[in-house]
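Trainee: What follows is the file protein-v5.cif, containing mmCIF, C-alpha atoms:
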```cif
data_query
#
loop_
_atom_site.label_atom_id
_atom_site.label_comp_id
_atom_site.auth_asym_id
_atom_site.auth_seq_id
_atom_site.Cartn_x
_atom_site.Cartn_y
_atom_site.Cartn_z
CA ASN A 8 -37.82 57.57 5.97
CA ALA A 9 -37.21 54.59 8.22
CA GLY A 10 -37.30 51.17 6.66
CA VAL A 11 -39.00 48.07 8.00
CA MET A 12 -38.02 47.71 11.65
CA GLN A 13 -37.84 44.34 13.34
CA ASN A 14 -37.01 43.52 16.92
CA PRO A 15 -35.44 41.84 18.60
CA ARG A 16 -32.62 41.15 16.15
CA HIS A 17 -31.59 38.11 18.16
CA LEU A 18 -33.68 36.09 20.56
CA VAL A 19 -32.71 33.03 22.58
CA ARG A 20 -35.38 30.85 24.13
CA ARG A 21 -35.43 27.50 25.89
CA ARG A 22 -37.72 24.76 24.69
CA GLY A 23 -41.27 25.36 25.86
CA GLN A 24 -40.98 29.13 26.18
CA GLU A 25 -42.75 31.70 24.04
CA ALA A 26 -41.15 33.89 21.39
CA ARG A 27 -42.61 37.21 20.25
CA LEU A 28 -41.23 38.93 17.21
CA ARG A 29 -42.23 42.46 16.28
CA CYS A 30 -42.34 44.26 12.95
CA SER A 31 -43.10 47.89 12.16
CA PRO A 32 -43.70 48.41 8.43
CA MET A 33 -42.41 51.32 6.42
CA LYS A 34 -44.32 54.55 6.76
CA GLY A 35 -47.37 54.50 4.54
CA HIS A 36 -47.35 50.71 4.14
CA SER A 37 -50.38 48.82 5.32
CA HIS A 38 -49.49 45.29 4.25
CA VAL A 39 -47.16 43.04 6.20
CA TYR A 40 -45.70 39.65 5.25
CA TRP A 41 -43.77 37.22 7.43
CA TYR A 42 -41.24 34.76 6.04
CA ARG A 43 -39.08 32.11 7.70
CA GLN A 44 -35.58 31.21 6.60
CA LEU A 45 -34.07 28.01 7.91
CA PRO A 46 -30.26 27.71 7.91
CA GLU A 47 -28.90 27.39 4.37
CA GLU A 48 -32.39 27.45 2.88
CA GLY A 49 -34.62 29.87 1.02
CA LEU A 50 -37.46 31.96 2.34
CA LYS A 51 -40.77 30.33 3.07
CA PHE A 52 -43.90 32.46 3.17
CA MET A 53 -45.80 32.23 6.43
CA VAL A 54 -48.54 34.85 6.64
CA TYR A 55 -49.83 38.04 5.02
CA LEU A 56 -51.70 40.64 7.05
CA GLN A 57 -53.35 43.98 6.67
CA LYS A 58 -54.38 46.12 9.60
CA GLU A 59 -56.59 43.98 11.85
CA ASN A 60 -56.97 41.27 9.19
CA ILE A 61 -55.19 38.08 8.26
CA ILE A 62 -55.36 37.82 4.48
CA ASP A 63 -53.39 34.64 3.81
CA GLU A 64 -51.99 32.30 6.43
CA SER A 65 -51.43 29.34 4.16
CA GLY A 66 -47.78 29.07 5.20
CA MET A 67 -48.31 29.15 8.94
CA PRO A 68 -47.96 25.94 10.95
CA LYS A 69 -51.36 24.98 12.32
CA GLU A 70 -50.23 24.85 15.91
CA ARG A 71 -48.21 27.13 18.19
CA PHE A 72 -47.84 29.94 15.61
CA SER A 73 -50.01 33.03 15.41
CA ALA A 74 -49.74 36.50 13.93
CA GLU A 75 -51.54 39.79 14.33
CA PHE A 76 -51.37 43.32 12.98
CA PRO A 77 -53.43 45.53 15.28
CA LYS A 78 -54.88 48.89 14.41
CA GLU A 79 -52.19 50.53 16.49
CA GLY A 80 -48.68 49.22 16.92
CA PRO A 81 -46.45 46.71 15.19
CA SER A 82 -47.25 43.35 13.72
CA ILE A 83 -46.46 40.48 16.10
CA LEU A 84 -45.45 36.93 15.20
CA ARG A 85 -45.94 34.72 18.23
CA ILE A 86 -44.53 31.23 18.68
CA GLN A 87 -45.73 29.33 21.71
CA GLN A 88 -43.92 26.41 23.32
CA VAL A 89 -40.92 26.73 21.04
CA VAL A 90 -39.01 23.67 19.89
CA ARG A 91 -35.50 23.38 18.46
CA GLY A 92 -36.89 23.18 14.94
CA ASP A 93 -38.23 26.72 15.29
CA SER A 94 -34.67 28.06 15.27
CA ALA A 95 -34.52 30.23 12.16
CA ALA A 96 -34.39 33.77 10.88
CA TYR A 97 -37.82 35.38 10.65
CA PHE A 98 -38.16 38.19 8.15
CA CYS A 99 -40.89 40.75 7.90
CA ALA A 100 -41.67 42.68 4.73
CA SER A 101 -44.13 45.43 3.91
CA SER A 102 -45.73 46.92 0.83
CA PRO A 103 -47.94 49.92 0.00
CA PRO A 104 -51.73 49.81 -0.06
CA GLN A 105 -53.95 47.85 -2.35
CA GLY A 106 -53.18 47.13 -5.95
CA ASP A 107 -49.43 47.13 -5.64
CA THR A 108 -47.41 44.69 -7.72
CA GLY A 109 -44.00 46.02 -6.85
CA GLU A 110 -41.30 44.83 -4.58
CA LEU A 111 -41.59 44.02 -0.92
CA PHE A 112 -39.36 45.88 1.49
CA PHE A 113 -37.65 43.66 4.03
CA GLY A 114 -36.45 44.19 7.55
CA GLU A 115 -33.13 42.95 8.90
CA GLY A 116 -34.75 39.88 10.41
CA SER A 117 -35.09 38.36 13.86
CA ARG A 118 -32.89 35.37 14.53
CA LEU A 119 -34.43 32.93 16.95
CA THR A 120 -32.30 30.32 18.67
CA VAL A 121 -34.02 27.64 20.72
CA LEU A 122 -31.80 25.86 23.22
CA GLY B 30 -49.34 27.20 -8.91
CA ASN B 31 -46.55 29.73 -8.81
CA SER B 32 -42.96 28.60 -8.38
CA VAL B 33 -39.40 29.69 -9.00
CA THR B 34 -36.46 27.45 -9.82
CA GLN B 35 -32.93 28.77 -9.70
CA MET B 36 -29.60 27.10 -10.18
CA GLU B 37 -28.15 25.43 -7.17
CA GLY B 38 -25.03 26.75 -5.59
CA PRO B 39 -22.63 27.35 -4.27
CA VAL B 40 -21.01 29.20 -7.12
CA THR B 41 -17.36 30.15 -6.72
CA LEU B 42 -15.76 32.60 -9.13
CA SER B 43 -12.54 34.50 -9.39
CA GLU B 44 -12.67 38.28 -9.31
CA GLU B 45 -13.55 39.83 -12.70
CA ALA B 46 -15.16 36.60 -13.95
CA PHE B 47 -18.53 36.59 -15.73
CA LEU B 48 -21.54 35.59 -13.65
CA THR B 49 -24.76 33.91 -14.70
CA ILE B 50 -27.34 32.61 -12.25
CA ASN B 51 -30.22 30.91 -13.99
CA CYS B 52 -33.82 31.43 -12.91
CA THR B 53 -37.00 30.05 -14.44
CA TYR B 54 -40.52 30.43 -13.20
CA THR B 55 -43.99 28.96 -13.43
CA ALA B 56 -46.89 31.32 -13.00
CA THR B 57 -50.41 32.10 -14.09
CA GLY B 58 -50.34 35.15 -16.31
CA TYR B 59 -47.40 37.52 -16.31
CA PRO B 60 -45.95 38.13 -12.89
CA SER B 61 -43.46 40.76 -11.81
CA LEU B 62 -39.96 39.31 -11.42
CA PHE B 63 -37.26 40.24 -8.92
CA TRP B 64 -33.74 39.50 -7.84
CA TYR B 65 -32.95 40.06 -4.18
CA VAL B 66 -29.52 39.85 -2.55
CA GLN B 67 -28.72 38.84 1.02
CA TYR B 68 -25.32 39.68 2.46
CA PRO B 69 -24.10 37.66 5.46
CA GLY B 70 -26.13 38.33 8.58
CA GLU B 71 -28.42 40.82 6.88
CA GLY B 72 -31.91 41.02 5.45
CA LEU B 73 -32.90 40.97 1.80
CA GLN B 74 -32.29 43.92 -0.45
CA LEU B 75 -33.89 44.41 -3.82
CA LEU B 76 -31.24 44.16 -6.51
CA LEU B 77 -33.36 44.64 -9.63
CA LYS B 78 -36.81 43.99 -11.03
CA ALA B 79 -38.84 43.74 -14.24
CA THR B 80 -42.60 44.01 -14.50
CA LYS B 81 -43.34 42.97 -18.08
CA ALA B 82 -41.99 40.88 -20.92
CA ASP B 83 -38.72 42.05 -22.50
CA ASP B 84 -38.06 44.51 -19.65
CA LYS B 85 -34.46 44.57 -18.52
CA GLY B 86 -33.73 45.29 -14.89
CA SER B 87 -30.28 46.55 -14.01
CA ASN B 88 -28.41 47.77 -10.94
CA LYS B 89 -24.79 47.82 -9.74
CA GLY B 90 -23.62 46.13 -12.95
CA PHE B 91 -26.14 43.30 -12.64
CA GLU B 92 -28.74 42.72 -15.34
CA ALA B 93 -31.68 40.41 -15.95
CA THR B 94 -34.17 40.33 -18.82
CA TYR B 95 -37.76 39.15 -18.50
CA ARG B 96 -38.12 36.43 -21.13
CA LYS B 97 -41.73 35.39 -21.53
CA GLU B 98 -41.04 32.80 -24.21
CA THR B 99 -38.62 30.87 -22.00
CA THR B 100 -40.19 31.92 -18.67
CA SER B 101 -36.76 32.97 -17.47
CA PHE B 102 -35.09 35.84 -15.64
CA HIS B 103 -31.39 34.96 -15.55
CA LEU B 104 -29.06 37.21 -13.56
CA GLU B 105 -25.80 38.30 -15.18
CA LYS B 106 -22.81 40.44 -14.34
CA GLY B 107 -19.86 40.98 -16.60
CA SER B 108 -17.16 41.30 -13.94
CA VAL B 109 -17.78 40.22 -10.36
CA GLN B 110 -16.03 41.64 -7.31
CA VAL B 111 -15.29 40.13 -3.92
CA SER B 112 -17.96 42.42 -2.47
CA ASP B 113 -20.59 40.63 -4.60
CA SER B 114 -20.25 37.54 -2.41
CA ALA B 115 -23.76 36.94 -1.09
CA VAL B 116 -26.85 34.80 -1.57
CA TYR B 117 -29.03 35.74 -4.54
CA PHE B 118 -32.75 35.02 -4.63
CA CYS B 119 -34.99 35.06 -7.66
CA ALA B 120 -38.64 35.81 -6.91
CA LEU B 121 -41.98 36.43 -8.58
CA ARG B 122 -45.10 38.28 -7.58
CA PRO B 123 -48.37 37.44 -9.30
CA LEU B 124 -50.07 40.15 -11.31
CA SER B 125 -53.16 40.18 -9.10
CA GLY B 126 -51.42 42.48 -6.69
CA ASN B 127 -50.82 42.55 -2.96
CA THR B 128 -49.78 38.95 -2.90
CA PRO B 129 -46.72 37.41 -1.28
CA LEU B 130 -43.48 37.04 -3.18
CA VAL B 131 -42.61 33.49 -4.15
CA PHE B 132 -38.89 32.85 -3.80
CA GLY B 133 -36.43 30.43 -5.29
CA LYS B 134 -34.12 28.58 -2.93
CA GLY B 135 -31.26 31.01 -3.37
CA THR B 136 -27.81 30.71 -4.89
CA ARG B 137 -24.74 31.37 -2.79
CA LEU B 138 -21.99 33.20 -4.66
CA SER B 139 -18.43 33.37 -3.41
CA VAL B 140 -15.96 35.57 -5.25
CA ILE B 141 -12.29 35.05 -4.50
CA ALA B 142 -9.51 37.52 -5.15
#
```
How does the structure come out when it is put into structure tokens?
Mentor:
Amino acid sequence: NAGVMQNPRHLVRRRGQEARLRCSPMKGHSHVYWYRQLPEEGLKFMVYLQKENIIDESGMPKERFSAEFPKEGPSILRIQQVVRGDSAAYFCASSPPQGDTGELFFGEGSRLTVL
Amino acid sequence: GNSVTQMEGPVTLSEEAFLTINCTYTATGYPSLFWYVQYPGEGLQLLLKATKADDKGSNKGFEATYRKETTSFHLEKGSVQVSDSAVYFCALRPLSGNTPLVFGKGTRLSVIA
């Protein structure tokens, strides 16, 4: 049973380019969460999605960041016009369907470096 | 609101020393509580969890007890190894279900031989 799969593991972009990070949840999981970890800091919640719905985006910057979880395919975190401050590790996590209060299962992360 | 406060690191211990990493929380109701571990360059792995008051989570020699009266979930290990060097995160998840985890800032542990 494959775990949460994220790709790419490492991504380098120049300022002004776009970054797309992908996340495939564990089999049977329908809830996806994105977190950002800045160097030497904790994890900050960004967005929580179910299939085709954004449930909570209270942690997402208002501009340049967007997320989706289509009916088919992985969840995508998109960062437009990247700036140096976007350099971070972005972690995706998933959980089973509704009513769950257990742990989240995390991927290995995507590490974005903006030059 | 919900929040987690854990002791600041870094913590440096000699091999076989006793480890305590303090964690306290603020939450509405009785959340589930977790400790995650992050090894260098990797993602987060669940270390242990507790879902109700007085529950003790344990794994790989680590333990933590859910203390409702002190709103705490301190992580302990009797004898640390070099391989325990990592960053440890305390987290809570509200009882309402399907909500994001709220993390503490993490505590970096270095164990030296």
Trainee: Would you write out, as a VMD selection string, every residue that the PyMOL selection byres ((chain B) within 12 of (chain A)) captures in this file?
Mentor: chain B and resid 32 to 35 37 to 39 59 to 81 116 to 137
Trainee: I need the residues from that last selection saved to file as a compact mmCIF listing (two decimals), keeping the file's coordinate frame (with C-alpha atoms), if you can.
Mentor:
```
# COMPACT_ATOMS: atom_id res chain seq x y z
CA SER B 32 -42.96 28.60 -8.38
CA VAL B 33 -39.40 29.69 -9.00
CA THR B 34 -36.46 27.45 -9.82
CA GLN B 35 -32.93 28.77 -9.70
CA GLU B 37 -28.15 25.43 -7.17
CA GLY B 38 -25.03 26.75 -5.59
CA PRO B 39 -22.63 27.35 -4.27
CA TYR B 59 -47.40 37.52 -16.31
CA PRO B 60 -45.95 38.13 -12.89
CA SER B 61 -43.46 40.76 -11.81
CA LEU B 62 -39.96 39.31 -11.42
CA PHE B 63 -37.26 40.24 -8.92
CA TRP B 64 -33.74 39.50 -7.84
CA TYR B 65 -32.95 40.06 -4.18
CA VAL B 66 -29.52 39.85 -2.55
CA GLN B 67 -28.72 38.84 1.02
CA TYR B 68 -25.32 39.68 2.46
CA PRO B 69 -24.10 37.66 5.46
CA GLY B 70 -26.13 38.33 8.58
CA GLU B 71 -28.42 40.82 6.88
CA GLY B 72 -31.91 41.02 5.45
CA LEU B 73 -32.90 40.97 1.80
CA GLN B 74 -32.29 43.92 -0.45
CA LEU B 75 -33.89 44.41 -3.82
CA LEU B 76 -31.24 44.16 -6.51
CA LEU B 77 -33.36 44.64 -9.63
CA LYS B 78 -36.81 43.99 -11.03
CA ALA B 79 -38.84 43.74 -14.24
CA THR B 80 -42.60 44.01 -14.50
CA LYS B 81 -43.34 42.97 -18.08
CA VAL B 116 -26.85 34.80 -1.57
CA TYR B 117 -29.03 35.74 -4.54
CA PHE B 118 -32.75 35.02 -4.63
CA CYS B 119 -34.99 35.06 -7.66
CA ALA B 120 -38.64 35.81 -6.91
CA LEU B 121 -41.98 36.43 -8.58
CA ARG B 122 -45.10 38.28 -7.58
CA PRO B 123 -48.37 37.44 -9.30
CA LEU B 124 -50.07 40.15 -11.31
CA SER B 125 -53.16 40.18 -9.10
CA GLY B 126 -51.42 42.48 -6.69
CA ASN B 127 -50.82 42.55 -2.96
CA THR B 128 -49.78 38.95 -2.90
CA PRO B 129 -46.72 37.41 -1.28
CA LEU B 130 -43.48 37.04 -3.18
CA VAL B 131 -42.61 33.49 -4.15
CA PHE B 132 -38.89 32.85 -3.80
CA GLY B 133 -36.43 30.43 -5.29
CA LYS B 134 -34.12 28.58 -2.93
CA GLY B 135 -31.26 31.01 -3.37
CA THR B 136 -27.81 30.71 -4.89
CA ARG B 137 -24.74 31.37 -2.79
```
Trainee: If we count only C-alpha atoms and set the cut-off at 6 Å, which residues sit around region 48-53 of chain B, ignoring sequence neighbours fewer than 2 positions away in its own chain? Please answer as a list in words.
Mentor: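 With the cut-off at 6 Å, the set is Val33, Thr34, Gln35, Met36, Thr100, Ser101, Phe102, His103, Leu104, Glu105 and Lys106 of chain B.
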Trainee: Applied to this file, what does the PyMOL selection byres ((chain A and resi 15) around 10) return in terms of residues, put as a list in words?
Mentor: Met12, Gln13, Asn14, Arg16, His17, Leu18, Arg27, Leu28, Arg29, Cys30, Gly116, Ser117, Arg118 and Leu119 of chain A
Trainee: How many Å lie between CA of Leu56 (chain A) and CA of Ser37 (chain A), rounded to one decimal?
Mentor: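 Computing the Euclidean distance for CA of Leu56 (chain A) and CA of Ser37 (chain A) yields 8.5 Å.
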Trainee: Take the PyMOL selection byres ((chain A and resi 10) around 6), apply it to the structure above, and return the hits as a ChimeraX atom specification.
Mentor: /A:9,11,33
Trainee: Using all atoms listed in the file, find all polymer residues with an atom at most 9 Å away from the point (-35.5, 29.8, 27.0); report them as a ChimeraX atom specification.
Mentor: /A:19-26,89,120-122
Trainee: Go ahead and write the residues just picked, C-alpha atoms, as a tab-separated table (two decimals), keeping the file's coordinate frame.
Mentor:
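The resulting selection20.tsv:
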```tsv
chain	number	residue	atom	x	y	z
A	19	VAL	CA	-32.71	33.03	22.58
A	20	ARG	CA	-35.38	30.85	24.13
A	21	ARG	CA	-35.43	27.50	25.89
A	22	ARG	CA	-37.72	24.76	24.69
A	23	GLY	CA	-41.27	25.36	25.86
A	24	GLN	CA	-40.98	29.13	26.18
A	25	GLU	CA	-42.75	31.70	24.04
A	26	ALA	CA	-41.15	33.89	21.39
A	89	VAL	CA	-40.92	26.73	21.04
A	120	THR	CA	-32.30	30.32	18.67
A	121	VAL	CA	-34.02	27.64	20.72
A	122	LEU	CA	-31.80	25.86	23.22
```
Trainee: In Å to one decimal, how far is CA of Glu75 (chain A) from CA of Glu59 (chain A)?
Mentor: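 Taking CA of Glu59 (chain A) and CA of Glu75 (chain A), their separation equals 7.0 Å.
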Trainee: Between CA of Ile61 (chain A) and CA of His36 (chain A), what is the distance in Å, rounded to a tenth?
Mentor: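 Straight-line distance from CA of Ile61 (chain A) to CA of His36 (chain A) works out to 15.4 Å.
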Trainee: Could you give me, as number ranges by chain, the residues within 12 Å of Glu70 (chain A), counting all atoms listed in the file and dropping anything in the same chain fewer than 5 positions from it?
Mentor: A: 85-90
Trainee: Tell me which protein, DNA and RNA residues are within 9 Å of Pro77 (chain A), counting all atoms listed in the file, leaving out same-chain ones fewer than 2 positions away, and put them as a PDB file with C-alpha atoms, keeping the file's coordinate frame.
Mentor:
```pdb
ATOM      1  CA  GLN A  57     -53.350  43.980   6.670  1.00  0.00           C
ATOM      2  CA  LYS A  58     -54.380  46.120   9.600  1.00  0.00           C
ATOM      3  CA  GLU A  59     -56.590  43.980  11.850  1.00  0.00           C
ATOM      4  CA  ASN A  60     -56.970  41.270   9.190  1.00  0.00           C
ATOM      5  CA  GLU A  75     -51.540  39.790  14.330  1.00  0.00           C
ATOM      6  CA  GLU A  79     -52.190  50.530  16.490  1.00  0.00           C
ATOM      7  CA  GLY A  80     -48.680  49.220  16.920  1.00  0.00           C
ATOM      8  CA  PRO A  81     -46.450  46.710  15.190  1.00  0.00           C
ATOM      9  CA  SER A  82     -47.250  43.350  13.720  1.00  0.00           C
ATOM     10  CA  ILE A  83     -46.460  40.480  16.100  1.00  0.00           C
TER      11      ILE A  83
END
```
Trainee: Please determine, counting only C-alpha atoms, which residue among A:Ser65, A:Ala74, A:Ala95, A:Ser31 has the shortest atom-to-atom distance to Arg43 (chain A).
Mentor: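 Answer, going by the shortest atom-to-atom distance: A:Ala95.
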Trainee: Neighbouring residues of Ala142 (chain B) were defined as those with any atom within 7 Å, considering all atoms listed in the file; residues of the same chain fewer than 2 positions away were excluded. Please report them as a list of chain:residue names.
Mentor: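 In the requested form, the answer reads B:Ser43, B:Glu44, B:Val111, B:Val140.
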